[in-house]
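Right, one structure below, let's go through it.
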Amino acid sequence: MGLRAKVCGMMVGALALAAPLAVQAAYPDRPITLIVAYDAGTPADAAARLLAPFLEKRLGGVRVEVVNKPGAGGEVGFAALAQASPDGYTVGLINTPNIVTIPIERQARFALSDLDPLVNLIDDPAVWLVPADSPFMTVADVVAQAKATPGAVTVGTTGAGSDDHLAVLMVQRQTGASLLHVPFSNLRASQKAMLSRKIQIGGQSVSDTLRASAAEPLRLLGMMSRERAPGVPDAKTFAEQGFPVVMGALRGIGAPKGLPPDVRARLVEAITKAVEDPDFRAKADAKDSLQPLRLLSSEEFAAELARLDDALRSLWRNSPWLR
C-alpha cells in the first residue's frame with residue numbers, strides 16, 4: 001500500500017471514530033420525556049413538574065416534557081420507562097414503595113433490574129398521627145394497647161400496599177402487636193375518619209402532615225425515618241422510641257438500563273445540580289409544595305432500593321399485603 005493510500009485510510013478511520021463522539025457530544029439535541037406513572041396532581045407528578053424547569057436549565061435549555069402514564073398502581077408508567085430506548089431521551093420519576101412492591105405482588109411488565117436509578121430527590125417518611133385528645137402519647141402506647149386488645153386499635157391508610165399499610169405490617173411483625181388496618185381510597189377520607197374519631201390513628205406522610213390545616217389540633221406520634229425531619233424537629237422517629245421501622249416514599253429519577261456512559265453522566269450531573277439549586281430547594285420547601293429533599297447519588301439510591309426490596313420480599317413471605 002502506498003503512502004497516500006495509508007494516509008487516506010488513517011483519515012477515514014479517524015473520521016469513523018470521531019463521528020460517534022460528535023453525536024454523543026451533541027446530547028441532548030431534542031426534547032426529553034419525563035414519565036410519571038401517576039395522574040397529574042399526585043405527589044410524584046408534583047415532584048417531576050417541580051424538577052423539570054431546573055433540569056432544562058442544566059441541560060442547555062432542551063425541553064423536559066412531563067408525560068403522565070397512570071394505571072395499575074404505577075405499573076403502566078414504570079413498564080413504559082423500562083421498555084423505552086436507553087438513549088437518554090426518556091427518563092422517569094420512580095418512587096417507592098410501588099417500584100419495589102409491584103414485581104413482588106404479581107408478574108409485572110417490568111423488573112427493578114430493568115431500571116437504572118440515577119438520582120434520588122425526595123424522601124417523604126411515613127408518620128402516625130392522632131387527634132390531640134387521643135390517649136396515645138407515644139408509639140409504645142399504641143403497641144401496648146394493641147397487645148392488650150388485639151385487633152381493637154385502628155389505623156387508617158391510603159390503601160392496601162401503600163407505604164402506610166406496609167408500615168403497619170412492619171410494626172406488627174416487629175412487636176407482635178395486632179392492629180386493625182382500615183384502608184381508604186384517598187388521604188382526605190382517611191384524615192376525615194381520624195378527625196371524626198372513627199379510627200384512632202392516621203397513617204400518612206410527613207409532607208401531608210405539614211401541609212394539613214392547623215385548624216384541628218393533632219399529635220404526631222412518630223416518624224418512620226432514620227433521622228428527624230427539619231420541618232418537625234421535635235417529632236421523634238420510631239427508632240428513637242425503640243421501634244426501628246423505616247418506611248416512606250423515595251422519589252427520584254430513573255432511566256432504562258443501558259444508557260451510554262457519557263449520556264448517563266450528563267444526566268446525573270444535570271439532575272444533581274438542579275436539586276442543589278437554591279431556587280429549587282426554596283420551591284420544594286414552600287407550603288404549597290412541601291417535598292422533603294434527600295439527595296442520593298446513583299449508588300446510594302440503588303442501595304436504598306435493594307435494601308427495601310430485600311425487606312419487602314421478606315415481609316411478603318410472612319405477611320402478604322394483598323390476598
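Residue numbering restarts at 1 in every chain; chains get A, B, ... in the order shown in the C-alpha cells, and ligands count up from 1 in that same order.
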
Got a sec to tell me which of segment 92-183 of chain A DSSP assigns to strand (DSSP E), as a list in words?
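Answer for segment 92-183 of chain A restricted to strand (DSSP E) is Gly92, Leu93, Ile94, Asn95, Leu115, Asp116, Pro117, Leu118, Val119, Asn120, Leu121, Ile122, Asp123, Asp124, Pro125, Ala126, Val127, Trp128, Leu129, Val130, Pro131, Thr154, Val155, Gly156, Thr157, Leu180, His181, Val182 and Pro183 of chain A.
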
Taking only C-alpha atoms into account, produce a table as a tab-separated table in which each residue of segment 85-109 of chain A with an atom at most 12 Å from an atom of segment 160-167 of chain A appears once, together with its shortest atom pair and the distance in Å to one decimal, ordered by chain and rising number.
residue	atom	partner	partner_atom	distance
A:Asn95	CA	A:Asp163	CA	10.8
A:Thr96	CA	A:Asp163	CA	7.9
A:Pro97	CA	A:Asp163	CA	6.1
A:Asn98	CA	A:Ser162	CA	7.8
A:Ile99	CA	A:Ser162	CA	11.5
A:Val100	CA	A:Gly161	CA	10.9
A:Thr101	CA	A:Gly161	CA	7.7
A:Ile102	CA	A:Gly161	CA	9.2
A:Ile104	CA	A:Gly161	CA	10.9
A:Glu105	CA	A:Gly161	CA	9.2

Which of these residues is nearest to Trp321 of chain A, using only C-alpha atoms: A:Arg307, A:Arg228, A:Arg294, A:Arg106?
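Smallest distance to Trp321 of chain A is found for A:Arg106.
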
Write out as a PDB file with C-alpha atoms, in the first residue's frame which residues come within 12 Å of Met194 of chain A when counting only C-alpha atoms, dropping same-chain ones fewer than 2 positions away.
ATOM      1  CA  TRP A 128     -48.558   8.109  62.677  1.00  0.00           C
ATOM      2  CA  LEU A 129     -50.887  10.922  63.619  1.00  0.00           C
ATOM      3  CA  VAL A 130     -53.657  11.133  66.249  1.00  0.00           C
ATOM      4  CA  PRO A 131     -56.084  13.813  67.452  1.00  0.00           C
ATOM      5  CA  ALA A 132     -54.619  15.933  70.232  1.00  0.00           C
ATOM      6  CA  ASP A 133     -57.038  14.464  72.779  1.00  0.00           C
ATOM      7  CA  SER A 134     -56.023  10.878  71.982  1.00  0.00           C
ATOM      8  CA  THR A 154     -57.499   1.049  64.268  1.00  0.00           C
ATOM      9  CA  VAL A 155     -55.008   2.552  61.805  1.00  0.00           C
ATOM     10  CA  GLY A 156     -56.271   4.244  58.660  1.00  0.00           C
ATOM     11  CA  THR A 157     -54.169   4.256  55.477  1.00  0.00           C
ATOM     12  CA  VAL A 182     -58.608   0.326  57.768  1.00  0.00           C
ATOM     13  CA  PHE A 184     -59.367   4.283  52.473  1.00  0.00           C
ATOM     14  CA  LEU A 187     -55.802  10.577  52.133  1.00  0.00           C
ATOM     15  CA  ARG A 188     -58.664  13.017  52.624  1.00  0.00           C
ATOM     16  CA  ALA A 189     -61.068  10.206  53.528  1.00  0.00           C
ATOM     17  CA  SER A 190     -58.570   8.733  55.986  1.00  0.00           C
ATOM     18  CA  GLN A 191     -57.951  12.102  57.640  1.00  0.00           C
ATOM     19  CA  LYS A 192     -61.664  12.799  57.903  1.00  0.00           C
ATOM     20  CA  SER A 196     -64.221  12.346  63.448  1.00  0.00           C
ATOM     21  CA  ARG A 197     -62.770   9.629  65.756  1.00  0.00           C
ATOM     22  CA  LYS A 198     -63.973   6.775  63.528  1.00  0.00           C
ATOM     23  CA  ILE A 199     -60.391   5.493  63.519  1.00  0.00           C
ATOM     24  CA  GLN A 200     -57.766   6.085  66.170  1.00  0.00           C
ATOM     25  CA  ILE A 201     -54.578   6.565  64.149  1.00  0.00           C
ATOM     26  CA  GLY A 202     -53.918   8.096  60.748  1.00  0.00           C
ATOM     27  CA  GLY A 203     -51.051   6.729  58.710  1.00  0.00           C
ATOM     28  CA  GLN A 204     -49.747   9.269  56.196  1.00  0.00           C
ATOM     29  CA  GLU A 216     -57.556  20.809  64.114  1.00  0.00           C
ATOM     30  CA  PRO A 217     -55.090  20.074  66.939  1.00  0.00           C
ATOM     31  CA  LEU A 218     -53.146  16.922  66.112  1.00  0.00           C
ATOM     32  CA  ARG A 219     -50.340  14.935  67.695  1.00  0.00           C
TER      33      ARG A 219
END

Rank nothing, just name the residue among A:Ala108, A:Val127, A:Val268, A:Ala229 nearest to Pro292 of chain A, using only C-alpha atoms.
A:Ala229

So how far away is atom CA of Gln241 of chain A from atom CA of Val139 of chain A, in Å?
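Rounded to one decimal, the two atoms are 7.0 Å apart.
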